[in-house]
Structure formats: C-alpha cells, structure tokens
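Asker: If it helps, the file is called target-v4.txt and holds compact mmCIF, C-alpha atoms and all ligand atoms:
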```txt
# COMPACT_ATOMS: atom_id res chain seq x y z
CA MET A 214 196.14 245.81 235.97
CA LYS A 215 199.11 244.95 233.81
CA THR A 216 201.61 242.10 234.06
CA LYS A 217 203.90 240.10 231.82
CA VAL A 218 202.50 236.62 232.49
CA GLY A 219 198.91 236.00 233.59
CA ILE A 220 198.62 232.57 235.22
CA ILE A 221 195.19 230.94 235.61
CA GLY A 222 195.12 228.41 238.46
CA GLY A 223 196.86 228.40 241.84
CA GLY A 224 197.55 224.65 242.01
CA PRO A 225 201.11 223.31 242.00
CA SER A 226 201.67 224.10 238.28
CA GLY A 227 200.62 227.74 238.46
CA LEU A 228 202.34 228.46 241.76
CA LEU A 229 205.63 226.83 240.77
CA LEU A 230 205.83 228.78 237.51
CA SER A 231 204.90 232.00 239.31
CA GLN A 232 207.64 231.49 241.88
CA LEU A 233 210.32 230.58 239.32
CA LEU A 234 209.49 233.59 237.11
CA ASP A 235 209.38 235.99 240.04
CA LEU A 236 212.83 234.88 241.17
CA LYS A 237 214.09 235.98 237.72
CA GLY A 238 212.27 239.32 237.95
CA ILE A 239 209.50 238.37 235.50
CA ASP A 240 206.28 239.96 236.75
CA ASN A 241 203.24 237.66 236.93
CA ILE A 242 199.82 237.34 238.55
CA VAL A 243 198.12 234.07 239.61
CA LEU A 244 194.31 233.89 239.55
CA GLU A 245 192.82 231.08 241.66
CA LYS A 246 189.13 230.23 241.77
CA HIS A 247 189.17 228.87 245.33
CA SER A 248 190.57 229.84 248.72
CA ARG A 249 194.03 228.74 249.79
CA GLU A 250 192.47 226.48 252.45
CA TYR A 251 190.32 224.76 249.83
CA VAL A 252 193.29 224.10 247.54
CA LEU A 253 195.30 222.73 250.49
CA GLY A 254 192.39 220.50 251.52
CA ARG A 255 192.68 218.33 248.41
CA ILE A 256 194.68 215.19 249.11
CA ARG A 257 196.36 214.10 245.90
CA ALA A 258 199.86 213.15 244.79
CA GLY A 259 202.50 211.73 247.06
CA VAL A 260 205.41 210.66 244.86
CA LEU A 261 207.77 213.18 243.22
CA GLU A 262 210.44 212.56 240.60
CA HIS A 263 213.90 213.79 241.48
CA GLY A 264 213.63 216.25 238.56
CA PHE A 265 210.59 217.80 240.23
CA ALA A 266 212.40 217.92 243.56
CA ALA A 267 215.27 219.74 241.82
CA LEU A 268 212.83 222.28 240.37
CA MET A 269 211.39 222.90 243.86
CA ARG A 270 214.93 223.60 245.10
CA GLU A 271 215.54 225.95 242.16
CA ALA A 272 212.33 227.73 243.18
CA GLN A 273 213.85 228.07 246.69
CA CYS A 274 211.03 225.90 248.05
CA GLY A 275 212.95 222.71 248.77
CA GLU A 276 213.95 223.18 252.39
CA ARG A 277 211.02 221.46 254.12
CA MET A 278 210.75 218.87 251.34
CA ASP A 279 214.40 217.91 251.90
CA ALA A 280 213.95 217.82 255.68
CA GLU A 281 210.63 215.98 255.87
CA GLY A 282 210.29 214.15 252.53
CA GLU A 283 211.49 210.56 252.24
CA ILE A 284 213.79 209.26 249.54
CA HIS A 285 212.54 205.89 248.26
CA ASP A 286 214.81 203.83 246.09
CA GLY A 287 212.40 200.97 245.58
CA PHE A 288 208.79 199.82 245.86
CA TYR A 289 206.91 196.52 245.96
CA ILE A 290 204.51 194.84 243.60
CA ALA A 291 202.32 192.29 245.36
CA GLU A 292 200.28 189.62 243.69
CA GLY A 293 198.09 187.38 245.83
CA ASP A 294 200.35 186.48 248.77
CA LYS A 295 203.59 187.18 246.85
CA LYS A 296 205.48 190.47 247.25
CA ARG A 297 208.40 191.38 245.00
CA ARG A 298 210.60 194.47 245.15
CA VAL A 299 211.39 196.77 242.24
CA ASP A 300 214.87 198.12 242.89
CA LEU A 301 214.62 201.63 241.41
CA ALA A 302 218.16 202.63 242.29
CA GLY A 303 219.65 199.37 241.07
CA HIS A 304 217.92 199.64 237.70
CA THR A 305 218.55 203.35 237.08
CA GLY A 306 222.13 203.90 238.20
CA GLY A 307 221.10 205.21 241.61
CA ASN A 308 217.92 207.17 240.91
CA SER A 309 215.05 207.39 243.38
CA VAL A 310 211.76 209.21 244.07
CA MET A 311 210.78 211.59 246.86
CA VAL A 312 207.70 210.82 248.96
CA TYR A 313 206.32 214.25 249.87
CA GLY A 314 202.65 215.15 249.67
CA GLN A 315 201.19 217.54 247.12
CA THR A 316 199.45 219.33 249.99
CA GLU A 317 202.78 220.09 251.68
CA LEU A 318 204.45 221.04 248.42
CA THR A 319 201.60 223.42 247.58
CA ARG A 320 201.76 224.91 251.08
CA ASP A 321 205.51 225.53 250.60
CA LEU A 322 204.82 227.26 247.27
CA TYR A 323 202.08 229.45 248.80
CA ASP A 324 204.38 230.38 251.68
CA ALA A 325 207.19 231.27 249.27
CA ARG A 326 204.83 233.38 247.17
CA SER A 327 203.63 235.24 250.28
CA LYS A 328 207.19 235.81 251.49
CA MET A 329 208.20 237.35 248.13
CA GLY A 330 205.02 239.44 247.94
CA GLY A 331 203.85 237.40 244.94
CA LYS A 332 200.47 238.33 243.46
CA VAL A 333 198.12 235.39 244.02
CA ILE A 334 194.46 236.43 243.89
CA HIS A 335 191.98 233.94 245.38
CA ASN A 336 188.24 233.40 244.96
CA VAL A 337 188.17 234.94 241.47
CA GLU A 338 184.95 234.26 239.56
CA ASP A 339 184.08 234.13 235.88
CA VAL A 340 187.66 234.13 234.61
CA THR A 341 187.56 234.81 230.86
CA LEU A 342 190.40 234.86 228.34
CA HIS A 343 190.40 237.44 225.52
CA ASP A 344 192.30 238.16 222.28
CA LEU A 345 194.55 235.14 222.66
CA LYS A 346 195.67 235.32 219.04
CA SER A 347 196.75 238.95 219.37
CA ASP A 348 199.97 240.44 220.79
CA ALA A 349 197.90 241.95 223.58
CA PRO A 350 195.81 239.24 225.24
CA HIS A 351 193.90 240.04 228.40
CA ILE A 352 192.06 238.25 231.17
CA THR A 353 188.96 239.40 233.01
CA TYR A 354 187.46 238.13 236.26
CA ARG A 355 184.66 239.14 238.56
CA ASP A 356 185.24 240.35 242.09
CA GLY A 357 181.77 240.89 243.57
CA ASP A 358 180.09 243.39 241.23
CA ASP A 359 183.37 244.54 239.67
CA ILE A 360 184.91 243.16 236.49
CA ILE A 361 188.70 243.35 236.74
CA ARG A 362 190.91 243.35 233.65
CA ILE A 363 194.51 242.13 233.48
CA ASP A 364 196.58 242.91 230.39
CA CYS A 365 199.53 240.61 229.78
CA ASP A 366 201.99 239.33 227.17
CA TYR A 367 201.20 235.66 227.79
CA VAL A 368 198.42 233.68 229.44
CA ILE A 369 199.27 230.38 231.13
CA GLY A 370 196.36 227.94 231.53
CA ALA A 371 197.30 225.98 234.67
CA ASP A 372 193.73 225.62 235.90
CA GLY A 373 193.41 221.84 236.00
CA PHE A 374 191.20 219.47 234.05
CA HIS A 375 187.94 221.38 234.71
CA GLY A 376 189.40 224.85 234.14
CA VAL A 377 188.41 227.51 231.64
CA SER A 378 191.70 227.81 229.69
CA ARG A 379 191.51 224.69 227.52
CA LYS A 380 187.85 225.46 226.82
CA SER A 381 188.90 228.89 225.45
CA ILE A 382 190.62 227.20 222.51
CA PRO A 383 188.30 226.79 219.51
CA LYS A 384 187.05 223.21 219.11
CA ASP A 385 188.33 222.94 215.53
CA VAL A 386 191.88 223.76 216.69
CA LEU A 387 192.05 221.35 219.60
CA LYS A 388 192.31 217.59 219.27
CA GLU A 389 191.36 215.72 222.43
CA TYR A 390 192.29 212.10 223.16
CA GLU A 391 190.47 210.46 226.04
CA LYS A 392 190.14 207.06 227.68
CA LEU A 393 187.94 206.49 230.73
CA TYR A 394 188.51 203.43 232.89
CA PRO A 395 185.47 201.61 234.32
CA PHE A 396 186.66 202.08 237.91
CA GLY A 397 188.00 204.65 240.34
CA TRP A 398 190.28 204.78 243.38
CA LEU A 399 188.83 205.10 246.84
CA GLY A 400 191.54 206.80 248.93
CA VAL A 401 191.83 206.99 252.72
CA LEU A 402 194.25 209.11 254.74
CA SER A 403 194.78 207.95 258.32
CA ARG A 404 197.01 208.92 261.22
CA THR A 405 198.55 205.45 261.40
CA LYS A 406 202.02 204.02 260.87
CA PRO A 407 202.47 202.95 257.20
CA VAL A 408 202.25 199.18 256.82
CA SER A 409 205.52 199.10 254.85
CA PRO A 410 208.55 201.42 254.67
CA GLU A 411 208.16 201.37 250.86
CA LEU A 412 205.01 201.62 248.70
CA ILE A 413 203.14 198.42 247.83
CA TYR A 414 201.16 198.22 244.56
CA ALA A 415 198.92 195.15 244.95
CA LYS A 416 197.19 193.15 242.22
CA SER A 417 194.54 190.79 243.55
CA ASP A 418 191.50 188.86 242.37
CA ARG A 419 189.36 191.42 244.23
CA GLY A 420 190.97 194.39 242.45
CA PHE A 421 193.93 196.73 242.86
CA ALA A 422 195.16 198.25 246.13
CA LEU A 423 197.97 200.67 246.97
CA CYS A 424 199.73 201.21 250.29
CA SER A 425 201.35 204.64 250.33
CA MET A 426 202.23 207.23 252.93
CA ARG A 427 202.82 210.88 253.66
CA SER A 428 205.14 210.36 256.64
CA GLN A 429 205.98 207.70 259.22
CA VAL A 430 202.79 208.61 261.11
CA LEU A 431 200.47 209.34 258.18
CA SER A 432 199.34 206.62 255.78
CA ARG A 433 197.58 206.87 252.42
CA TYR A 434 195.79 203.80 251.10
CA TYR A 435 193.75 203.26 247.94
CA ILE A 436 191.51 200.50 246.63
CA GLN A 437 190.02 200.10 243.16
CA VAL A 438 186.21 200.50 243.27
CA PRO A 439 183.49 200.49 240.58
CA MET A 440 182.70 203.96 239.22
CA SER A 441 179.16 203.60 240.55
CA ASP A 442 180.38 203.48 244.19
CA LYS A 443 179.93 206.55 246.40
CA VAL A 444 182.18 207.53 249.31
CA GLU A 445 179.16 207.23 251.62
CA ASP A 446 178.92 203.53 250.66
CA TRP A 447 182.24 202.88 252.37
CA SER A 448 182.52 202.95 256.17
CA ASP A 449 186.06 202.96 257.57
CA ASP A 450 185.58 199.35 258.72
CA ALA A 451 184.47 198.24 255.26
CA PHE A 452 187.47 200.00 253.69
CA TRP A 453 190.02 198.37 256.02
CA ALA A 454 188.44 194.93 255.56
CA GLU A 455 188.57 195.22 251.77
CA LEU A 456 192.12 196.58 251.78
CA LYS A 457 193.30 193.69 253.97
CA ALA A 458 191.59 191.18 251.69
CA ARG A 459 193.62 192.50 248.71
CA LEU A 460 197.04 192.46 250.41
CA PRO A 461 199.35 189.49 251.01
CA LYS A 462 198.40 187.85 254.33
CA GLU A 463 201.70 188.78 256.02
CA VAL A 464 201.16 192.46 255.07
CA ALA A 465 197.47 192.47 256.08
CA ALA A 466 198.44 191.07 259.49
CA GLU A 467 200.71 194.09 260.08
CA LEU A 468 198.21 196.74 258.90
CA GLU A 469 197.44 199.34 261.53
CA THR A 470 193.92 200.70 261.06
CA GLY A 471 192.35 203.86 262.44
CA GLN A 472 189.83 206.57 261.80
CA SER A 473 190.01 208.09 258.31
CA ILE A 474 190.97 211.78 258.18
CA GLU A 475 190.00 212.03 254.52
CA LYS A 476 188.17 209.71 252.19
CA SER A 477 187.47 210.37 248.51
CA ILE A 478 186.98 208.66 245.16
CA ALA A 479 189.01 209.68 242.10
CA PRO A 480 187.98 208.53 238.62
CA LEU A 481 190.66 206.96 236.42
CA ARG A 482 191.07 208.81 233.17
CA SER A 483 193.66 209.28 230.44
CA PHE A 484 193.39 212.55 228.52
CA VAL A 485 195.59 214.64 226.23
CA ALA A 486 194.72 217.90 224.46
CA GLU A 487 196.83 218.91 221.46
CA PRO A 488 198.32 221.40 220.79
CA MET A 489 199.23 222.92 224.16
CA ARG A 490 199.55 226.39 222.65
CA TYR A 491 196.94 228.62 221.06
CA GLY A 492 198.26 232.07 220.11
CA ASN A 493 199.62 233.48 223.34
CA LEU A 494 197.88 230.95 225.58
CA PHE A 495 200.02 228.06 226.86
CA LEU A 496 198.42 225.11 228.68
CA ALA A 497 200.27 223.34 231.49
CA GLY A 498 199.60 220.40 233.82
CA ASP A 499 196.17 218.84 234.29
CA ALA A 500 194.62 221.57 232.08
CA ALA A 501 196.18 219.76 229.12
CA HIS A 502 196.58 216.15 230.23
CA ILE A 503 195.45 213.62 232.82
CA VAL A 504 196.76 210.16 233.60
CA PRO A 505 195.30 207.42 235.77
CA PRO A 506 197.21 207.73 239.07
CA THR A 507 198.79 204.25 239.01
CA GLY A 508 202.27 205.28 237.85
CA ALA A 509 202.34 208.51 239.93
CA ARG A 510 202.92 210.56 236.77
CA GLY A 511 200.26 213.34 236.97
CA LEU A 512 201.95 215.97 239.07
CA ASN A 513 205.32 214.99 237.67
CA SER A 514 204.09 215.61 234.12
CA ALA A 515 202.85 219.02 235.24
CA ALA A 516 206.36 219.73 236.54
CA SER A 517 207.97 218.95 233.18
CA ASP A 518 205.56 221.37 231.44
CA ILE A 519 206.55 224.04 233.94
CA TYR A 520 210.24 223.32 233.37
CA TYR A 521 209.86 223.81 229.60
CA LEU A 522 207.64 226.90 229.97
CA TYR A 523 209.87 228.53 232.55
CA HIS A 524 212.94 228.16 230.35
CA ALA A 525 211.02 229.29 227.25
CA LEU A 526 209.77 232.44 229.01
CA LEU A 527 213.22 233.09 230.44
CA ASP A 528 214.76 232.87 226.96
CA HIS A 529 212.10 235.26 225.67
CA TYR A 530 212.46 237.91 228.36
CA LYS A 531 216.21 237.70 228.94
CA ASP A 532 217.54 236.97 225.44
CA GLY A 533 214.68 237.79 223.05
CA ASP A 534 214.81 234.14 221.91
CA ASP A 535 211.38 232.64 221.15
CA THR A 536 212.52 229.17 220.10
CA GLY A 537 211.41 227.64 223.41
CA LEU A 538 207.94 229.18 223.13
CA GLU A 539 207.63 228.04 219.51
CA ASN A 540 208.66 224.49 220.40
CA TYR A 541 206.84 224.26 223.74
CA SER A 542 203.81 222.26 222.65
CA GLU A 543 205.78 219.71 220.64
CA LYS A 544 208.45 219.25 223.29
CA ALA A 545 206.01 218.98 226.21
CA LEU A 546 203.73 216.56 224.34
CA ALA A 547 206.59 214.22 223.46
CA ARG A 548 207.21 213.64 227.17
CA ILE A 549 203.51 213.68 228.07
CA TRP A 550 202.75 210.82 225.69
CA LYS A 551 205.49 208.72 227.26
CA ALA A 552 203.93 209.34 230.67
CA GLN A 553 200.55 208.41 229.16
CA ARG A 554 201.97 205.14 227.86
CA PHE A 555 203.57 204.26 231.18
CA SER A 556 200.45 205.09 233.22
CA TRP A 557 198.26 203.06 230.87
CA TRP A 558 200.71 200.15 231.06
CA MET A 559 200.92 200.14 234.85
CA THR A 560 197.14 200.54 235.19
CA THR A 561 196.56 197.65 232.79
CA LEU A 562 199.09 195.47 234.60
CA LEU A 563 197.60 195.86 238.07
CA HIS A 564 193.84 196.41 237.90
CA LYS A 565 190.95 194.01 237.57
CA PHE A 566 189.07 194.84 234.37
CA PRO A 567 185.38 193.92 234.57
CA ASP A 568 185.05 193.36 230.82
CA ASN A 569 188.18 191.26 230.35
CA ILE A 570 187.82 188.03 228.44
CA PRO A 571 189.91 185.08 229.75
CA TYR A 572 192.51 185.78 227.03
CA ASP A 573 193.07 189.31 228.42
CA ASP A 574 193.56 187.93 231.94
CA ARG A 575 196.15 185.43 230.75
CA LEU A 576 198.03 188.19 228.90
CA GLN A 577 197.95 190.35 232.05
CA GLN A 578 199.41 187.45 234.02
CA THR A 579 202.05 186.86 231.35
CA GLU A 580 203.01 190.55 231.43
CA MET A 581 203.61 190.26 235.19
CA ASP A 582 205.61 187.05 234.84
CA TYR A 583 207.69 188.60 232.08
CA LEU A 584 208.34 191.74 234.14
CA PHE A 585 209.92 189.81 236.99
CA SER A 586 211.84 187.49 234.68
CA SER A 587 213.54 190.23 232.68
CA GLU A 588 216.12 192.78 233.80
CA ALA A 589 215.26 194.81 230.67
CA ALA A 590 211.56 194.94 231.62
CA LEU A 591 212.37 195.93 235.20
CA THR A 592 214.76 198.61 233.94
CA SER A 593 212.01 199.99 231.70
CA LEU A 594 209.59 200.13 234.65
CA ALA A 595 212.19 201.74 236.91
CA GLU A 596 213.37 204.41 234.45
CA ASN A 597 209.78 205.48 233.78
CA TYR A 598 208.82 205.48 237.48
CA VAL A 599 211.74 207.69 238.56
CA GLY A 600 210.96 209.97 235.61
CA LEU A 601 212.36 210.33 232.10
CA PRO A 602 214.75 213.25 231.63
CA PHE A 603 213.15 216.68 230.97
P1 LIG B 1 195.38 221.31 239.79
O1 LIG B 1 196.07 220.76 240.97
O2 LIG B 1 194.06 220.76 239.40
O3 LIG B 1 195.26 222.89 240.01
C1 LIG B 1 194.48 223.73 239.18
C2 LIG B 1 193.98 224.92 239.98
O4 LIG B 1 193.21 225.77 239.12
C3 LIG B 1 193.05 224.50 241.12
O5 LIG B 1 193.52 225.04 242.33
C4 LIG B 1 191.69 225.05 240.71
O6 LIG B 1 190.92 225.48 241.83
C5 LIG B 1 192.07 226.22 239.80
N1 LIG B 1 191.03 226.57 238.82
C6 LIG B 1 190.18 225.73 238.17
N2 LIG B 1 189.39 226.42 237.34
C7 LIG B 1 189.74 227.72 237.48
C8 LIG B 1 189.26 228.92 236.89
N3 LIG B 1 188.26 228.91 236.00
N4 LIG B 1 189.83 230.08 237.26
C9 LIG B 1 190.85 230.11 238.16
N5 LIG B 1 191.33 229.00 238.75
C10 LIG B 1 190.78 227.81 238.42
N6 LIG B 1 200.47 212.84 240.45
C11 LIG B 1 201.74 212.42 240.69
O7 LIG B 1 202.66 212.89 239.99
N7 LIG B 1 202.07 211.51 241.66
C12 LIG B 1 201.10 210.94 242.42
O8 LIG B 1 201.43 210.16 243.33
C13 LIG B 1 199.72 211.30 242.16
N8 LIG B 1 198.71 210.76 242.88
C14 LIG B 1 197.43 211.19 242.68
C15 LIG B 1 196.44 210.62 243.43
C16 LIG B 1 195.12 211.04 243.24
C17 LIG B 1 194.05 210.39 244.07
C18 LIG B 1 194.81 212.08 242.29
C19 LIG B 1 193.38 212.56 242.09
C20 LIG B 1 195.80 212.65 241.54
C21 LIG B 1 197.12 212.22 241.71
N9 LIG B 1 198.15 212.76 240.97
C22 LIG B 1 199.44 212.31 241.17
C23 LIG B 1 197.89 213.83 239.98
C24 LIG B 1 198.16 215.26 240.51
O9 LIG B 1 197.46 215.47 241.71
C25 LIG B 1 197.76 216.32 239.47
O10 LIG B 1 198.40 215.99 238.27
C26 LIG B 1 198.15 217.76 239.89
O11 LIG B 1 197.26 218.24 240.86
C27 LIG B 1 198.14 218.73 238.71
O12 LIG B 1 198.44 220.03 239.14
P2 LIG B 1 197.87 221.30 238.36
O13 LIG B 1 198.39 222.48 239.12
O14 LIG B 1 198.18 221.18 236.93
O15 LIG B 1 196.29 221.19 238.49
C1 LIG B 2 200.21 207.95 245.63
C2 LIG B 2 199.40 208.06 244.56
C3 LIG B 2 199.74 207.37 243.41
O1 LIG B 2 198.99 207.48 242.32
C4 LIG B 2 200.86 206.57 243.34
O2 LIG B 2 201.13 205.88 242.22
C5 LIG B 2 201.66 206.47 244.43
C6 LIG B 2 201.34 207.18 245.58
C7 LIG B 2 199.86 208.66 246.88
O3 LIG B 2 198.87 209.40 246.89
O4 LIG B 2 200.58 208.49 247.88
```
Spit out the file's structure as structure tokens when you get a sec.

Answerer:
Amino acid sequence: MKTKVGIIGGGPSGLLLSQLLDLKGIDNIVLEKHSREYVLGRIRAGVLEHGFAALMREAQCGERMDAEGEIHDGFYIAEGDKKRRVDLAGHTGGNSVMVYGQTELTRDLYDARSKMGGKVIHNVEDVTLHDLKSDAPHITYRDGDDIIRIDCDYVIGADGFHGVSRKSIPKDVLKEYEKLYPFGWLGVLSRTKPVSPELIYAKSDRGFALCSMRSQVLSRYYIQVPMSDKVEDWSDDAFWAELKARLPKEVAAELETGQSIEKSIAPLRSFVAEPMRYGNLFLAGDAAHIVPPTGARGLNSAASDIYYLYHALLDHYKDGDDTGLENYSEKALARIWKAQRFSWWMTTLLHKFPDNIPYDDRLQQTEMDYLFSSEAALTSLAENYVGLPF
C-alpha cells in the first residue's frame, strides 16, 4: 500500500490529524493496535480547551460536542471545609473550557472517519517503522500470517506513551525527561448526578480528590491513592467513604453515590521526549509527552501538536513550504514545557506528598494562601487552565 502520511495510533491524536488531512485531500492511513470498542472503553480526559474545541469544529466533528458538551467558566478549589471559586472567564477576558469526554470525542472522530471512508486499520500487530531517515520511509505490520507494507512520505507517531514510534528513535538521539509521582489517581465513573455544577479540586489532609463529570447524569470522581494500591482493594463503598472524607462537609452531604460503571487507577507521571522529530518521523501527543492529570493538560497538549503538524503538512503539500515541518519539534516543545510546568505546579499545590518535610507542607500552604490573595496568581492559573494560545 502507498499513502502520503502513515499515522500510528488511532487515539484522539491520530484520528484528529487523519480527519483534518483528509478534509484537505491529503491521503493518509491510521494503524491502530486495538479494536474500536477497546479504544472507546478507556475512560480518560474530560476537560477540553476552547482551542481544541475549535479544532474539532474545523475537523467537522464539533456538532455533538457543541450540543452535549458543557461550557464551564469556572471551577472550585476546596481545602478542608473551605471552597473557593476560580473565575476562569473573569481572569481571561471571557475564556472557558468545554466539559466533553474523551470517549465521546473519540467516538465522533471514528464516526467522521467512517463517513468519509477514511482508512483506519484496527488490530494491527508488530507495527515496525523503517528507513525513517530516508525520503522513502515505510511501515510494516502483521495481519495474521501476512506482513503488510505501507510506503509513505511521513510517519506520524501518535501511538501513546507505550507505543512503538518513540522507541524507534535511536537512544543517542533522544533525550528523555521523566518524573514519577509516588501516588496515582483512583477514578470512578457512576450514573449519578454530579455533586457540583462545576469541577471541585480538593486538597485535604487525607490526600487529593476531584469531582468531575461527563454530563448532568454521569459523574467522574478521583481520589489520590498510593501507587501500591490495586483497584481490587477498593470496593465502591470504600471509595465513596474516602471521597466524602476529603470533601468539605457541605459538599459531602450532597454527594449522590451509586454503583461504579468503571473504576481504574492511573499513575501520575511527567515525561517529555526531545526532539519530537527524527528524519521523517514526527511524534505527537502522549507518544512524546505525559503530564500528571491534575491540570487537565494531557489531551489538550496532544491537540496543540496536531494543530502544528496539520498546518506544517498542509504547507508542505499545498505550497511546497517545509518551514512548519522544520520548526515542528521546537514549536511544539515550547508549548509542551509550559503545560508540564503548569501540571507540575497544580499537582504540587493539591496533593499530599508522603515524603514532605514540615517545611514543604508550610510552603504548599503558603502557595495556596498566595493564590487566593493575588489577582495576578489567579490570572496565571486561569490562563493556563483554559489553555495558552497555539
Ligand atoms: P492515546 O490516547 O494513548 O492513543 C494512542 C493509541 O495508539 C491507542 O489507541 C493505542 O491503542 C495505540 N497504539 C499503541 N501502541 C501502538 C502500536 N504499536 N501500533 C499501533 N497502535 C498503537 N487530558 C486532558 O487534556 N484533560 C483531562 O481532563 C485529562 N484527564 C485524564 C484523566 C486520566 C485518568 C488519564 C489517564 C488521562 C487524562 N488526560 C487528560 C490525558 C489524555 O487522556 C491523553 O493525553 C490522551 O489520551 C492522549 O491521546 P493520544 O492520542 O496522544 O494517545
Ligand atoms: C478530569 C480529569 C482531569 O485530570 C482534570 O483535571 C479534570 C477532569 C476528568 O476526567 O473529568
């Protein structure tokens, strides 16, 4: 097979790029390791920057998001029994975020790809990248006993943190920065009314908790747990009891509990791989960088990579201009590092760190006090949360 752009990974990054390129007549193929059902079964992000929402509309995939997603122009930070609001709109000249689940967004992208006859090949095995430094790279994968070859101009590695693309770059070329946090997030999805119309990020002596949602009848809650905990250790009852204990009393009293539909633990990790280009391979999204979920930056950072890549490929194919491709890694990384900083900051502000010395705890407290005493600090939080410009 032959195509212009070979995309590894059918998560939101790969599908969005595929859709955008196809709309401009740029032929591409997406190779996804798992089935569509498996990809849609993963419950992940819930908060989208308005820049991402705009990109979904440009990809002609914004209809359901605009009908069913919720615009949030603020969120709460709770501390013990106190709850204070961060006015996103007020601190950013009217900006907001969209609450719309990654599952729904990915479903919309799959539907759009199907409608346009997009080439998305599922259940591919042994994906291997070849001749990345040449003008004629190719990809192979196994389909049963057959090895299939795809020749392309460019390979896009959008295959997530555990994918094969980043690992295809020689070790002496790639510099990896990593920070692992000594805790994870236990997440529960439940068919219950969200406890609050806006998200609540809660700092407590027992650890962090987050009250989020997917709709007015579907809630998403998280609590910080030690990395050694297993999902099986947590019954629904134990989860609800611990969540309530970390929320202000007036919020806990309103919490509607129910059976969990999904329960999983995500590790908290910061990771950046540099550069994001090797020959004709370009990395995008979680394949190149991971943030702890606290600031809701992960999927949004993937979207900014796709924005830069889409425009760079458009310039190449429509105008013969390679400046965007040449500058991609540098430009994407500049924004990525700002998202890294913000996610680290918000994680540090709100979690309980087992190895903190009393000095660290006092600084954490001072950071919180400063935040709510300073319009400048609140503006900084708000402008990062709604998303820095692409
Ligand atoms: P992925 O979604 O990981 O997709 C990669 C795809 O590649 C997968 O489908 C995988 O099956 C496929 N693949 C892997 N290896 C191969 C291979 N060898 N060959 C072919 N295909 C392969 N982000 C936010 O912005 N806001 C949030 O509110 C938020 N909340 C989060 C909450 C949690 C609990 C978690 C875990 C993450 C959250 N994130 C959030 C992060 C967000 O989910 C990710 O950043 C996002 O999924 C990245 O998309 P991606 O397409 O780059 O990678
Ligand atoms: C969700 C996840 C986040 O990491 C976050 O900061 C906000 C919301 C969520 O899954 O709803």

Asker: How would you report the residues lying within 6 Å of ligand LIG 2 (chain B), as a PyMOL selection string, if you count only C-alpha atoms and all ligand atoms?

Answerer: chain A and resi 257-260+425-426+433+506-509

Asker: For Ile360 of chain A, find every residue with an atom within 10 Å (counting only C-alpha atoms), except residues of its own chain fewer than 5 positions away, and show them as a list in words.

Answerer: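 Result of the neighbour search: Glu338, Asp339, Val340, Thr353, Tyr354 and Arg355 of chain A.
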
Asker: Can you pull out every residue within 12 Å of Tyr323 of chain A, counting only C-alpha atoms, but drop anything in the same chain fewer than 6 positions away, and send it as a tab-separated table (two decimals) with C-alpha atoms, in the frame of the given file?

Answerer:
```
chain	number	residue	atom	x	y	z
A	223	GLY	CA	196.86	228.40	241.84
A	224	GLY	CA	197.55	224.65	242.01
A	225	PRO	CA	201.11	223.31	242.00
A	226	SER	CA	201.67	224.10	238.28
A	227	GLY	CA	200.62	227.74	238.46
A	228	LEU	CA	202.34	228.46	241.76
A	229	LEU	CA	205.63	226.83	240.77
A	230	LEU	CA	205.83	228.78	237.51
A	231	SER	CA	204.90	232.00	239.31
A	232	GLN	CA	207.64	231.49	241.88
A	243	VAL	CA	198.12	234.07	239.61
A	245	GLU	CA	192.82	231.08	241.66
A	248	SER	CA	190.57	229.84	248.72
A	249	ARG	CA	194.03	228.74	249.79
A	250	GLU	CA	192.47	226.48	252.45
A	252	VAL	CA	193.29	224.10	247.54
A	253	LEU	CA	195.30	222.73	250.49
A	272	ALA	CA	212.33	227.73	243.18
A	274	CYS	CA	211.03	225.90	248.05
A	316	THR	CA	199.45	219.33	249.99
A	317	GLU	CA	202.78	220.09	251.68
A	329	MET	CA	208.20	237.35	248.13
A	330	GLY	CA	205.02	239.44	247.94
A	331	GLY	CA	203.85	237.40	244.94
A	332	LYS	CA	200.47	238.33	243.46
A	333	VAL	CA	198.12	235.39	244.02
A	334	ILE	CA	194.46	236.43	243.89
A	335	HIS	CA	191.98	233.94	245.38
```

Asker: Pick out the closest residue to ligand LIG 1 (chain B) from this set: A:Lys217, A:Arg510, A:Lys388, A:Arg419. Count only C-alpha atoms and all ligand atoms.

Answerer: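 Of A:Lys217, A:Arg510, A:Lys388, A:Arg419, the one nearest ligand LIG 1 (chain B), counting only C-alpha atoms and all ligand atoms, is A:Arg510.
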
Asker: Using only C-alpha atoms, which of A:His375, A:His564, A:Arg320, A:Lys384 sits nearest Ile436 of chain A?

Answerer: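 Closest candidate: A:His564.
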
Asker: For each of A:Pro350, A:Gly420, A:Gly397, A:Pro383, take the minimum atom-to-atom distance to ligand LIG 1 (chain B), counting all atoms listed in the file, then give the residue where this is smallest.

Answerer: A:Gly397

Asker: Smallest atom-to-atom distance to ligand LIG 1 (chain B): which of A:Gly492, A:Gly303, A:Gly511, A:Gly238, using only C-alpha atoms and all ligand atoms?

Answerer: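 When distances to ligand LIG 1 (chain B) are compared using only C-alpha atoms and all ligand atoms, the smallest one comes from A:Gly511.
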
Asker: Give me segment 275-306 of chain A from this structure - C-alpha atoms, as a short mmCIF file (atom, residue, chain, number, x, y, z; two decimals), in the first residue's frame.

Answerer:
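See result_2.cif below for the written result:
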```
data_model
loop_
_atom_site.label_atom_id
_atom_site.label_comp_id
_atom_site.auth_asym_id
_atom_site.auth_seq_id
_atom_site.Cartn_x
_atom_site.Cartn_y
_atom_site.Cartn_z
CA GLY A 275 -17.98 19.51 16.61
CA GLU A 276 -21.71 19.06 16.25
CA ARG A 277 -22.38 16.65 19.12
CA MET A 278 -19.70 18.28 21.28
CA ASP A 279 -21.46 21.65 20.88
CA ALA A 280 -24.88 20.11 21.57
CA GLU A 281 -23.96 17.88 24.52
CA GLY A 282 -20.73 19.34 25.94
CA GLU A 283 -20.89 21.87 28.77
CA ILE A 284 -19.14 25.22 28.79
CA HIS A 285 -17.56 25.84 32.20
CA ASP A 286 -16.30 29.30 33.00
CA GLY A 287 -15.04 28.47 36.47
CA PHE A 288 -14.11 25.70 38.89
CA TYR A 289 -13.62 25.33 42.64
CA ILE A 290 -10.61 24.64 44.79
CA ALA A 291 -11.56 23.17 48.16
CA GLU A 292 -9.33 22.97 51.18
CA GLY A 293 -10.64 21.27 54.30
CA ASP A 294 -14.18 22.65 54.65
CA LYS A 295 -13.45 25.79 52.58
CA LYS A 296 -14.42 26.03 48.90
CA ARG A 297 -13.27 28.92 46.71
CA ARG A 298 -14.12 29.57 43.07
CA VAL A 299 -11.61 30.27 40.31
CA ASP A 300 -13.38 32.56 37.86
CA LEU A 301 -11.86 31.45 34.54
CA ALA A 302 -13.87 33.86 32.42
CA GLY A 303 -13.25 36.80 34.72
CA HIS A 304 -9.50 36.25 34.71
CA THR A 305 -9.08 35.55 30.98
CA GLY A 306 -11.33 38.09 29.29
#
```
